[in-house]
Amino acid sequence: NAGVTQTPKFQVLKTGQSMTLQCAQDMNHNSMYWYRQDPGMGLRLIYYSASEGTTDKGEVPNGYNVSRLNKREFSLRLESAAPSQTSVYFCASMTYGTPPSEKYFGPGTRLTVT
Amino acid sequence: ILNVEQSPQSLHVQEGDSTNFTCSFPSSNFYALHWYRWETAKSPEALFVMTLNGDEKKKGRISATLNTKEGYSYLYIKGSQPEDSATYLCAFPSFGGSQGNLIFGKGTKLSVKP
């Protein structure tokens, strides 16, 4: 199993450009998540999808959109990139329920917006 | 807004030292407490998911305890090694854990000198 995969690993954008970060998991998890990690801020939830066909906002959703394409894939879109979106983005997945399970993270995408 | 606090922020120890750090979380509506290990340039990796008051979990030289009534968990590393150098995160589910959303602390960064 590949676990959680993300593409691309690195990206540089100019202000105003758009892009989509891709995430896929092969563990048959029902929930998927997008986090951003900034120095001194820790991991913050952008959007999540509790199950196929649903998406919800997390702590910092402004400037982003998401699509849960199917059970495996969950993409994050920046419509008009801003320098404040320079960050490392992590996708994660898990199966939520009882008992609570571990969350698995992808390798991250390092995004720089100039 | 849920708050997960970790202390200390950083820790420098010598190889062979034993160390511990703390995670504080809201004690009401407890569902689970997660510990993650995060090496630089890698993705967070789950260590433990703890659910029961008084729970103690162990993985090699790393162990964790949980006190849900007073809202804290300790992570212990016995005989630290340079490969233990990482940031250790704890996380607490929001919304009662039903959606798998995790609120992360800012982490304790451990550096182990040979």
# chains A, B, ... in the order shown; residues from 1 in each chain; ligands from 1

$ interface_residues --of "chain B" --to "chain A" --cutoff "9 Å" --atoms "only C-alpha atoms" --output "PyMOL selection string"
chain B and resi 31-32+34+41-51+89+97-107

$ residues_around --residues "Ala64 (chain B)" --least-positions-apart "4" --cutoff "7 Å" --atoms "only C-alpha atoms" --output "NGL selection string"
:B and (56-58 or 73-76)

$ write_last_selection --atoms "N, CA, C and O atoms" --output "JSON list (two decimals), in the first residue's frame"
[["chain", "number", "residue", "atom", "x", "y", "z"],
["B", 56, "GLU", "N", -2.09, 3.58, 29.81],
["B", 56, "GLU", "CA", -0.66, 3.76, 29.56],
["B", 56, "GLU", "C", -0.32, 2.93, 28.33],
["B", 56, "GLU", "O", -0.65, 1.75, 28.25],
["B", 57, "LYS", "N", 0.32, 3.59, 27.36],
["B", 57, "LYS", "CA", 0.69, 2.90, 26.13],
["B", 57, "LYS", "C", 2.20, 2.97, 25.95],
["B", 57, "LYS", "O", 2.85, 3.92, 26.39],
["B", 58, "LYS", "N", 2.75, 1.96, 25.29],
["B", 58, "LYS", "CA", 4.20, 1.89, 25.14],
["B", 58, "LYS", "C", 4.56, 1.40, 23.75],
["B", 58, "LYS", "O", 3.92, 0.50, 23.19],
["B", 73, "SER", "N", -1.86, 14.59, 29.44],
["B", 73, "SER", "CA", -1.17, 13.37, 29.05],
["B", 73, "SER", "C", 0.32, 13.65, 29.07],
["B", 73, "SER", "O", 0.76, 14.75, 28.72],
["B", 74, "TYR", "N", 1.11, 12.66, 29.50],
["B", 74, "TYR", "CA", 2.55, 12.78, 29.49],
["B", 74, "TYR", "C", 3.12, 11.81, 28.46],
["B", 74, "TYR", "O", 2.66, 10.67, 28.35],
["B", 75, "LEU", "N", 4.13, 12.27, 27.74],
["B", 75, "LEU", "CA", 4.89, 11.38, 26.86],
["B", 75, "LEU", "C", 6.28, 11.24, 27.44],
["B", 75, "LEU", "O", 6.92, 12.26, 27.77],
["B", 76, "TYR", "N", 6.75, 10.01, 27.59],
["B", 76, "TYR", "CA", 8.06, 9.74, 28.18],
["B", 76, "TYR", "C", 8.95, 9.08, 27.14],
["B", 76, "TYR", "O", 8.48, 8.22, 26.38]]

$ closest_atom_pairs --of "region 61-110 of chain B" --to "region 10-23 of chain B" --cutoff "7 Å" --atoms "only C-alpha atoms" --output "Markdown table"
| residue | atom | partner | partner_atom | distance |
| --- | --- | --- | --- | --- |
| B:Tyr72 | CA | B:Cys23 | CA | 5.5 |
| B:Ser73 | CA | B:Cys23 | CA | 5.1 |
| B:Tyr74 | CA | B:Thr22 | CA | 4.7 |
| B:Leu75 | CA | B:Asn20 | CA | 5.4 |
| B:Tyr76 | CA | B:Asn20 | CA | 4.3 |
| B:Ile77 | CA | B:Thr19 | CA | 5.3 |
| B:Lys78 | CA | B:Ser18 | CA | 4.4 |
| B:Gly79 | CA | B:Gly16 | CA | 4.1 |
| B:Ser80 | CA | B:Gly16 | CA | 4.9 |
| B:Gln81 | CA | B:Glu15 | CA | 5.1 |
| B:Pro82 | CA | B:Glu15 | CA | 6.5 |
| B:Cys90 | CA | B:Cys23 | CA | 6.4 |
| B:Thr108 | CA | B:Ser10 | CA | 5.1 |
| B:Lys109 | CA | B:Ser10 | CA | 4.4 |
| B:Leu110 | CA | B:Leu11 | CA | 4.9 |

$ closest_residue --among "A:Ser87, A:Asn1, A:Gln37, A:Thr20" --to "Val66 (chain A)" --atoms "only C-alpha atoms"
A:Thr20
